[in-house]
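Student: Structure file structure_22.cif (mmCIF, C-alpha atoms) right here:
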data_upload
#
loop_
_atom_site.label_atom_id
_atom_site.label_comp_id
_atom_site.auth_asym_id
_atom_site.auth_seq_id
_atom_site.Cartn_x
_atom_site.Cartn_y
_atom_site.Cartn_z
CA MET Z 20 31.93 12.51 60.95
CA ILE Z 21 33.81 14.63 63.45
CA ASP Z 22 31.82 17.27 65.35
CA ALA Z 23 34.53 19.95 65.11
CA LEU Z 24 34.87 19.45 61.35
CA VAL Z 25 31.08 19.58 60.90
CA LEU Z 26 31.08 22.95 62.65
CA VAL Z 27 33.93 24.26 60.49
CA VAL Z 28 32.16 23.05 57.32
CA LEU Z 29 28.87 24.69 58.34
CA VAL Z 30 30.54 28.01 59.15
CA ALA Z 31 32.49 27.90 55.86
CA ALA Z 32 29.33 27.12 53.84
CA GLY Z 33 27.48 29.93 55.63
CA ALA Z 34 30.28 32.38 54.92
CA LEU Z 35 30.29 31.32 51.26
CA ALA Z 36 26.52 31.94 51.05
CA VAL Z 37 27.03 35.46 52.47
CA PHE Z 38 29.92 36.04 50.02
CA GLY Z 39 27.65 35.05 47.11
CA VAL Z 40 24.74 37.24 48.21
CA VAL Z 41 27.09 40.21 48.73
CA GLY Z 42 28.30 39.78 45.13
CA THR Z 43 24.71 39.88 43.88
CA ILE Z 44 23.87 42.97 45.94
CA ALA Z 45 27.07 44.70 44.79
CA ASN Z 46 26.23 43.83 41.15
CA ARG Z 47 29.46 41.83 40.65
CA PRO Z 48 29.61 38.64 38.59
CA PRO Z 49 31.43 35.78 40.35
CA GLY Z 50 35.19 36.11 39.98
CA ALA Z 51 38.41 34.40 41.01
CA ALA Z 52 37.94 35.13 44.72
CA ILE Z 53 34.65 33.28 45.08
CA ARG Z 54 35.94 30.39 42.97
CA LEU Z 55 38.80 30.08 45.44
CA ALA Z 56 36.33 30.19 48.34
CA VAL Z 57 34.22 27.46 46.70
CA GLY Z 58 37.37 25.39 46.25
CA GLY Z 59 38.18 25.75 49.94
CA VAL Z 60 34.70 24.70 51.07
CA VAL Z 61 34.61 21.75 48.66
CA GLY Z 62 38.04 20.70 49.95
CA LEU Z 63 36.68 20.62 53.51
CA LEU Z 64 33.58 18.69 52.34
CA ALA Z 65 35.74 16.15 50.51
CA LEU Z 66 37.89 15.69 53.61
CA GLN Z 67 34.77 15.15 55.70
CA ALA Z 68 33.38 12.67 53.16
CA VAL Z 69 36.61 10.64 53.11
CA ILE Z 70 36.70 10.46 56.91
CA ALA Z 71 33.02 9.45 57.05
CA VAL Z 72 33.37 6.75 54.37
CA VAL Z 73 36.44 5.30 56.08
CA ARG Z 74 34.60 5.15 59.38
CA VAL Z 75 31.41 3.67 57.86
CA PHE Z 76 33.34 0.89 56.13
CA GLY Z 77 35.55 0.57 59.20
CA GLY Z 78 32.64 -0.65 61.28
CA VAL Z 79 30.52 2.30 62.46
CA THR Z 80 26.93 1.15 62.04
CA LEU Z 81 24.23 3.60 61.00
CA PRO Z 82 20.45 3.10 60.83
CA GLU Z 83 20.30 4.32 57.21
CA THR Z 84 23.67 3.75 55.56
CA THR Z 85 22.41 4.17 51.97
CA THR Z 86 20.74 7.50 52.69
CA PHE Z 87 23.85 8.65 54.54
CA LEU Z 88 26.14 7.81 51.62
CA ILE Z 89 23.81 9.57 49.14
CA TYR Z 90 23.77 12.71 51.28
CA LEU Z 91 27.54 12.47 51.53
CA ALA Z 92 27.91 12.42 47.74
CA VAL Z 93 25.39 15.26 47.38
CA SER Z 94 27.24 17.37 49.97
CA VAL Z 95 30.43 17.25 47.87
CA CYS Z 96 28.89 17.55 44.37
CA VAL Z 97 26.34 20.36 44.70
CA LEU Z 98 28.78 23.29 45.00
CA PRO Z 99 30.97 22.45 41.97
CA ILE Z 100 27.84 22.04 39.80
CA ALA Z 101 26.24 25.23 41.16
CA THR Z 102 29.47 27.16 40.56
CA GLN Z 103 29.69 25.87 36.99
CA PHE Z 104 26.10 27.01 36.39
CA ALA Z 105 26.72 30.34 38.16
CA THR Z 106 29.74 31.29 36.06
CA ALA Z 107 28.29 30.08 32.72
CA GLU Z 108 26.38 33.36 32.49
CA PRO Z 109 28.52 36.03 34.14
CA THR Z 110 25.93 38.31 35.72
CA ARG Z 111 25.32 39.53 39.27
CA TRP Z 112 22.98 36.57 39.80
CA GLY Z 113 25.87 34.10 39.75
CA GLY Z 114 26.65 34.93 43.38
CA ALA Z 115 23.08 34.14 44.44
CA VAL Z 116 23.26 30.80 42.59
CA ILE Z 117 26.42 29.90 44.54
CA ALA Z 118 24.65 31.01 47.76
CA VAL Z 119 21.76 28.62 46.98
CA GLY Z 120 24.28 25.81 46.48
CA ALA Z 121 26.05 26.68 49.74
CA ILE Z 122 22.78 26.70 51.72
CA ALA Z 123 21.70 23.36 50.22
CA THR Z 124 25.12 21.96 51.11
CA GLY Z 125 24.72 23.20 54.69
CA VAL Z 126 21.32 21.49 54.94
CA ALA Z 127 22.80 18.26 53.58
CA VAL Z 128 25.59 18.42 56.20
CA LEU Z 129 23.02 18.97 58.97
CA ARG Z 130 21.08 15.89 57.78
CA LEU Z 131 24.34 13.93 57.65
CA GLN Z 132 25.13 14.93 61.21
CA GLY Z 133 21.61 13.88 62.29
CA LEU Z 134 21.93 10.45 60.62
CA TRP Z 135 25.39 9.99 62.11
CA ALA Z 136 24.29 10.97 65.63
CA ALA Z 137 21.41 8.46 65.39
CA GLY Z 138 23.90 5.63 64.84
CA ALA Z 139 27.29 6.32 66.35
CA MET H 186 5.66 43.00 15.93
CA PRO H 187 5.25 41.20 19.27
CA GLU H 188 8.18 41.45 21.63
CA PRO H 189 9.96 38.06 21.78
CA ALA H 190 9.81 36.11 25.02
CA ARG H 191 12.63 36.82 27.42
CA ALA H 192 14.49 33.66 28.36
CA THR H 193 13.39 32.12 31.64
CA SER H 194 16.94 30.82 32.06
CA SER H 195 18.65 34.22 32.23
CA GLY H 196 19.45 36.62 35.07
CA PRO H 197 17.51 35.93 38.29
CA GLY H 198 15.91 32.95 36.52
CA ARG H 199 19.18 31.12 37.09
CA VAL H 200 18.73 31.37 40.85
CA LEU H 201 15.24 29.89 40.46
CA ILE H 202 16.61 27.05 38.31
CA ALA H 203 19.29 26.35 40.92
CA VAL H 204 16.63 25.95 43.62
CA TYR H 205 14.48 23.78 41.35
CA GLY H 206 17.49 21.66 40.44
CA ILE H 207 18.29 21.01 44.09
CA PHE H 208 14.68 20.05 44.83
CA ALA H 209 14.62 17.79 41.76
CA LEU H 210 17.77 16.06 43.01
CA SER H 211 16.74 15.71 46.66
CA ALA H 212 13.10 14.70 46.04
CA THR H 213 14.09 12.08 43.44
CA ALA H 214 16.92 10.66 45.54
CA ARG H 215 14.70 10.51 48.60
CA ALA H 216 11.90 8.75 46.71
CA GLY H 217 14.41 6.32 45.22
CA VAL H 218 15.73 5.32 48.64
CA GLN H 219 12.19 5.03 50.05
CA ILE H 220 10.86 2.90 47.19
CA VAL H 221 13.87 0.59 47.03
CA GLY H 222 14.28 0.23 50.78
CA LYS H 223 10.86 0.25 52.43
CA PHE H 224 8.10 0.56 49.85
CA ASP H 225 5.61 -1.51 51.87
CA GLU H 226 5.60 0.87 54.82
CA ALA H 227 3.84 3.75 53.06
CA PRO H 228 3.39 3.09 49.32
CA LEU H 229 1.15 6.11 48.70
CA ALA H 230 3.53 8.56 50.36
CA TYR H 231 6.54 7.13 48.51
CA LEU H 232 4.82 7.18 45.12
CA LEU H 233 3.89 10.77 45.86
CA SER H 234 7.53 11.53 46.65
CA ALA H 235 8.50 10.07 43.28
CA LEU H 236 5.80 12.10 41.50
CA ALA H 237 7.05 15.28 43.21
CA GLY H 238 10.58 14.46 42.10
CA VAL H 239 9.47 14.04 38.47
CA VAL H 240 7.52 17.32 38.61
CA TYR H 241 10.61 19.16 39.92
CA ILE H 242 12.74 17.62 37.17
CA LEU H 243 10.25 18.70 34.48
CA ALA H 244 10.02 22.22 35.95
CA THR H 245 13.83 22.50 36.00
CA VAL H 246 14.10 21.34 32.39
CA GLY H 247 11.26 23.66 31.30
CA LEU H 248 12.73 26.72 33.01
CA ALA H 249 16.26 26.01 31.83
CA GLY H 250 15.21 25.43 28.22
CA ARG H 251 14.42 28.00 25.57
CA GLY H 252 11.49 28.31 23.23
CA ALA H 253 7.73 27.88 23.38
CA GLY H 254 7.80 24.16 24.15
CA ALA H 255 10.06 24.57 27.18
CA ARG H 256 7.87 27.43 28.40
CA ARG H 257 4.71 25.29 28.10
CA LEU H 258 6.44 22.47 29.97
CA ALA H 259 7.46 24.91 32.73
CA TRP H 260 3.91 26.32 33.02
CA GLY H 261 2.48 22.82 33.29
CA ALA H 262 5.03 21.52 35.79
CA VAL H 263 5.03 24.59 38.05
CA GLY H 264 1.21 24.77 37.95
CA PHE H 265 0.96 21.08 38.85
CA GLU H 266 3.49 21.66 41.61
CA LEU H 267 1.33 24.41 43.15
CA VAL H 268 -1.79 22.22 43.02
CA GLY H 269 0.22 19.31 44.41
CA VAL H 270 1.62 21.17 47.40
CA LEU H 271 -1.80 22.67 48.23
CA VAL H 272 -3.73 19.38 47.92
CA VAL H 273 -1.13 17.22 49.69
CA GLY H 274 -0.58 19.94 52.27
CA ALA H 275 -4.31 20.09 53.05
CA LEU H 276 -4.67 16.29 53.10
CA THR H 277 -1.75 15.82 55.48
CA VAL H 278 -3.10 18.45 57.84
CA PHE H 279 -6.65 17.02 57.96
CA ASP H 280 -6.05 13.31 57.38
CA THR H 281 -2.76 11.95 58.66
CA ALA H 282 -3.75 8.27 58.31
CA ASP H 283 -3.02 7.98 54.59
CA PHE H 284 0.34 9.69 54.91
CA PRO H 285 2.24 7.98 57.71
CA ASP H 286 5.57 9.10 56.26
CA ASP H 287 6.54 12.56 55.12
CA THR H 288 6.84 13.69 51.51
CA VAL H 289 8.25 16.94 50.17
CA TRP H 290 4.73 18.39 50.04
CA SER H 291 3.48 17.17 53.45
CA GLY H 292 2.23 19.96 55.70
CA PHE H 293 2.70 22.45 52.83
CA GLY H 294 6.44 21.68 52.76
CA ARG H 295 6.96 22.09 56.49
CA GLY H 296 9.95 19.73 56.50
CA TYR H 297 11.71 21.89 53.90
CA GLY H 298 11.21 25.31 55.47
CA TYR H 299 8.02 25.88 53.42
CA VAL H 300 10.18 26.41 50.34
CA PRO H 301 7.97 23.94 48.37
CA LEU H 302 4.99 26.25 49.00
CA VAL H 303 6.74 29.48 48.00
CA LEU H 304 8.68 28.05 45.05
CA PRO H 305 5.73 27.47 42.64
CA LEU H 306 4.41 30.98 43.36
CA VAL H 307 7.79 32.48 42.49
CA GLY H 308 7.98 30.19 39.45
CA LEU H 309 4.58 31.26 38.11
CA TRP H 310 5.44 34.93 38.72
CA TRP H 311 8.71 34.53 36.83
CA LEU H 312 7.03 32.76 33.90
CA ARG H 313 4.46 35.56 33.73
CA ARG H 314 7.11 38.26 33.96
CA THR H 315 9.15 36.78 31.09
CA ARG H 316 6.18 35.87 28.88
CA PRO H 317 6.02 36.99 25.24
CA ARG H 318 3.89 40.07 24.68
#
Just dump the structure as structure tokens.

Tutor:
Amino acid sequence: MIDALVLVVLVAAGALAVFGVVGTIANRPPGAAIRLAVGGVVGLLALQAVIAVVRVFGGVTLPETTTFLIYLAVSVCVLPIATQFATAEPTRWGGAVIAVGAIATGVAVLRLQGLWAAGA
Amino acid sequence: MPEPARATSSGPGRVLIAVYGIFALSATARAGVQIVGKFDEAPLAYLLSALAGVVYILATVGLAGRGAGARRLAWGAVGFELVGVLVVGALTVFDTADFPDDTVWSGFGRGYGYVPLVLPLVGLWWLRRTRPR
């Protein structure tokens, strides 16, 4: 984990949540723009996960490695699944579903940061 | 002719299912890690975590499904969830000895922003709103 990247990921996930909620309020089903935004956030999460895995297997010791790795996988997987579910029924509520996924992802990243700080 | 039941899995119901799905995933994963890694430390709390995870899974499946059977499953799971969070919440507030380690329902879901307390109420409201009549 890198503090600056954690911050960027959290801001990006927060912005995505706002984007989703705005779509719901504006009565717009999720379109190409929010898919692109999801792709960007997932890209950042994947980058963060790769860096973290490399550092964990490169010798950084954590108090709860298993939990950390599970959270890491969850942080990358939740948004693609949520987006799939959100766009399967194209209504205004799709944006709110993506927002829920983005918030859950943000919480997972915060827990990751907490576990990392406890070890490294 | 009675009006057919509206699907629980449509419209705003999908937001509810997304929240339930995330709780199903996180509660189950957490219980799994606790039971595999340190079961002896607090067996009751960890078994409770696992039970909560199963209840969230059943509620997610019930809400996402269609038909009378799925609706009954959702009623049962969400109702059990409400009882669970109230009972465990009360026990953890008044008697901390039996629950040395947190579960999803400890302190009425304090560790999860009280979402576990609000979620079953929203779930029951949604099931009532979409019921056949």

Student: Might you spell out which residues the PyMOL selection byres ((chain Z) within 7 of (chain H)) would select in the displayed file, as a PyMOL selection string?

Tutor: chain Z and resi 86+110+112+115-116+119

Student: Could you dump the residues just selected with C-alpha atoms as a PDB file, keeping the file's coordinate frame?

Tutor:
ATOM      1  CA  THR Z  86      20.740   7.500  52.690  1.00  0.00           C
ATOM      2  CA  THR Z 110      25.930  38.310  35.720  1.00  0.00           C
ATOM      3  CA  TRP Z 112      22.980  36.570  39.800  1.00  0.00           C
ATOM      4  CA  ALA Z 115      23.080  34.140  44.440  1.00  0.00           C
ATOM      5  CA  VAL Z 116      23.260  30.800  42.590  1.00  0.00           C
ATOM      6  CA  VAL Z 119      21.760  28.620  46.980  1.00  0.00           C
TER       7      VAL Z 119
END

Student: Using all atoms listed in the file, which residue out of Z:Ala45, Z:Leu26, Z:Ala51, Z:Leu98 lies closest to Leu129 of chain Z?

Tutor: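 Of Z:Ala45, Z:Leu26, Z:Ala51, Z:Leu98, the one nearest Leu129 of chain Z is Z:Leu26, counting all atoms listed in the file.
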
Student: Which residue out of H:Thr213, H:Leu233, H:Val221, H:Thr288 has the minimum interatomic distance to Thr85 of chain Z when only C-alpha atoms are used?

Tutor: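 Nearest to Thr85 of chain Z: H:Val221.
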
Student: Could you jot down the atom CA of Val57 of chain Z to atom CA of Ala31 of chain Z separation for me, Å, one decimal place?

Tutor: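 Taking atom CA of Val57 of chain Z and atom CA of Ala31 of chain Z, their separation equals 9.3 Å.
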
Student: I'd like to know which of Z:Val25, Z:Val126, Z:Ala137, Z:Val95 is closest to Ala65 of chain Z, using only C-alpha atoms.

Tutor: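 Once distances to Ala65 of chain Z are computed over only C-alpha atoms, the minimum belongs to Z:Val95.
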
Student: Go ahead and compute the interatomic distance for atom CA of Thr277 of chain H and atom CA of Leu258 of chain H, in Å to one decimal.

Tutor: 27.6 Å

Student: List the residues matched by the PyMOL selection byres ((chain H and resi 303) around 12) in the displayed structure as a ChimeraX atom specification, ordered by chain and then by residue number.

Tutor: /H:201,204-205,263,266-267,270-271,290,293-295,297-302,304-310

Student: Would you save the residues from that selection as a compact mmCIF listing (two decimals), in the coordinates of the input, using C-alpha atoms?

Tutor:
# COMPACT_ATOMS: atom_id res chain seq x y z
CA LEU H 201 15.24 29.89 40.46
CA VAL H 204 16.63 25.95 43.62
CA TYR H 205 14.48 23.78 41.35
CA VAL H 263 5.03 24.59 38.05
CA GLU H 266 3.49 21.66 41.61
CA LEU H 267 1.33 24.41 43.15
CA VAL H 270 1.62 21.17 47.40
CA LEU H 271 -1.80 22.67 48.23
CA TRP H 290 4.73 18.39 50.04
CA PHE H 293 2.70 22.45 52.83
CA GLY H 294 6.44 21.68 52.76
CA ARG H 295 6.96 22.09 56.49
CA TYR H 297 11.71 21.89 53.90
CA GLY H 298 11.21 25.31 55.47
CA TYR H 299 8.02 25.88 53.42
CA VAL H 300 10.18 26.41 50.34
CA PRO H 301 7.97 23.94 48.37
CA LEU H 302 4.99 26.25 49.00
CA LEU H 304 8.68 28.05 45.05
CA PRO H 305 5.73 27.47 42.64
CA LEU H 306 4.41 30.98 43.36
CA VAL H 307 7.79 32.48 42.49
CA GLY H 308 7.98 30.19 39.45
CA LEU H 309 4.58 31.26 38.11
CA TRP H 310 5.44 34.93 38.72

Student: Please evaluate the PyMOL selection byres ((chain Z and resi 113) around 10) against the displayed coordinates and give the resulting residues as number ranges by chain.

Tutor: Z: 39-40, 42-43, 46-50, 101-112, 114-119; H: 196-197, 199-200

Student: Write a file of the just-selected residues containing C-alpha atoms, as a short mmCIF file (atom, residue, chain, number, x, y, z; two decimals), in the coordinates of the input.

Tutor:
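Result file again_12.cif:
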data_model
loop_
_atom_site.label_atom_id
_atom_site.label_comp_id
_atom_site.auth_asym_id
_atom_site.auth_seq_id
_atom_site.Cartn_x
_atom_site.Cartn_y
_atom_site.Cartn_z
CA GLY Z 39 27.65 35.05 47.11
CA VAL Z 40 24.74 37.24 48.21
CA GLY Z 42 28.30 39.78 45.13
CA THR Z 43 24.71 39.88 43.88
CA ASN Z 46 26.23 43.83 41.15
CA ARG Z 47 29.46 41.83 40.65
CA PRO Z 48 29.61 38.64 38.59
CA PRO Z 49 31.43 35.78 40.35
CA GLY Z 50 35.19 36.11 39.98
CA ALA Z 101 26.24 25.23 41.16
CA THR Z 102 29.47 27.16 40.56
CA GLN Z 103 29.69 25.87 36.99
CA PHE Z 104 26.10 27.01 36.39
CA ALA Z 105 26.72 30.34 38.16
CA THR Z 106 29.74 31.29 36.06
CA ALA Z 107 28.29 30.08 32.72
CA GLU Z 108 26.38 33.36 32.49
CA PRO Z 109 28.52 36.03 34.14
CA THR Z 110 25.93 38.31 35.72
CA ARG Z 111 25.32 39.53 39.27
CA TRP Z 112 22.98 36.57 39.80
CA GLY Z 114 26.65 34.93 43.38
CA ALA Z 115 23.08 34.14 44.44
CA VAL Z 116 23.26 30.80 42.59
CA ILE Z 117 26.42 29.90 44.54
CA ALA Z 118 24.65 31.01 47.76
CA VAL Z 119 21.76 28.62 46.98
CA GLY H 196 19.45 36.62 35.07
CA PRO H 197 17.51 35.93 38.29
CA ARG H 199 19.18 31.12 37.09
CA VAL H 200 18.73 31.37 40.85
#

Student: Nearest to Pro99 of chain Z among Z:Val60, Z:Gly125, Z:Arg130, Z:Thr84, with distances taken over only C-alpha atoms: which residue is it?

Tutor: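 Of the candidates, the smallest distance to Pro99 of chain Z is held by Z:Val60.
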
Student: Could you work out how far atom CA of Ala121 of chain Z lies from atom CA of Gly58 of chain Z, giving the answer in Å with one decimal?

Tutor: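 Atom CA of Ala121 of chain Z lies 11.9 Å from atom CA of Gly58 of chain Z.
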
Student: Which neighbours of Gly250 of chain H fall inside 12 Å, counting all atoms listed in the file, when residues of the same chain fewer than 2 positions from it are skipped, and could you give them as number ranges by chain?

Tutor: H: 191-195, 198-199, 202, 243-248, 252-259

Student: Using all atoms listed in the file, which residues sit within 9 Å of Val28 of chain Z once same-chain residues fewer than 5 positions away are excluded, as a ChimeraX atom specification?

Tutor: /Z:23,33,60,63-64,67,125,128

Student: Could you give me the axis-aligned bounding box of segment 120-127 of chain Z, with 6 Å of padding per side, as centre plus edge lengths in Å to one decimal, as AutoDock Vina command-line options?

Tutor:
--center_x 23.7 --center_y 22.5 --center_z 50.7 --size_x 16.7 --size_y 20.4 --size_z 20.5

Student: Which of these residues is nearest to Ser291 of chain H, using all atoms listed in the file: H:Arg251, H:Ala237, H:Glu226, H:Ala262?

Tutor: H:Ala237
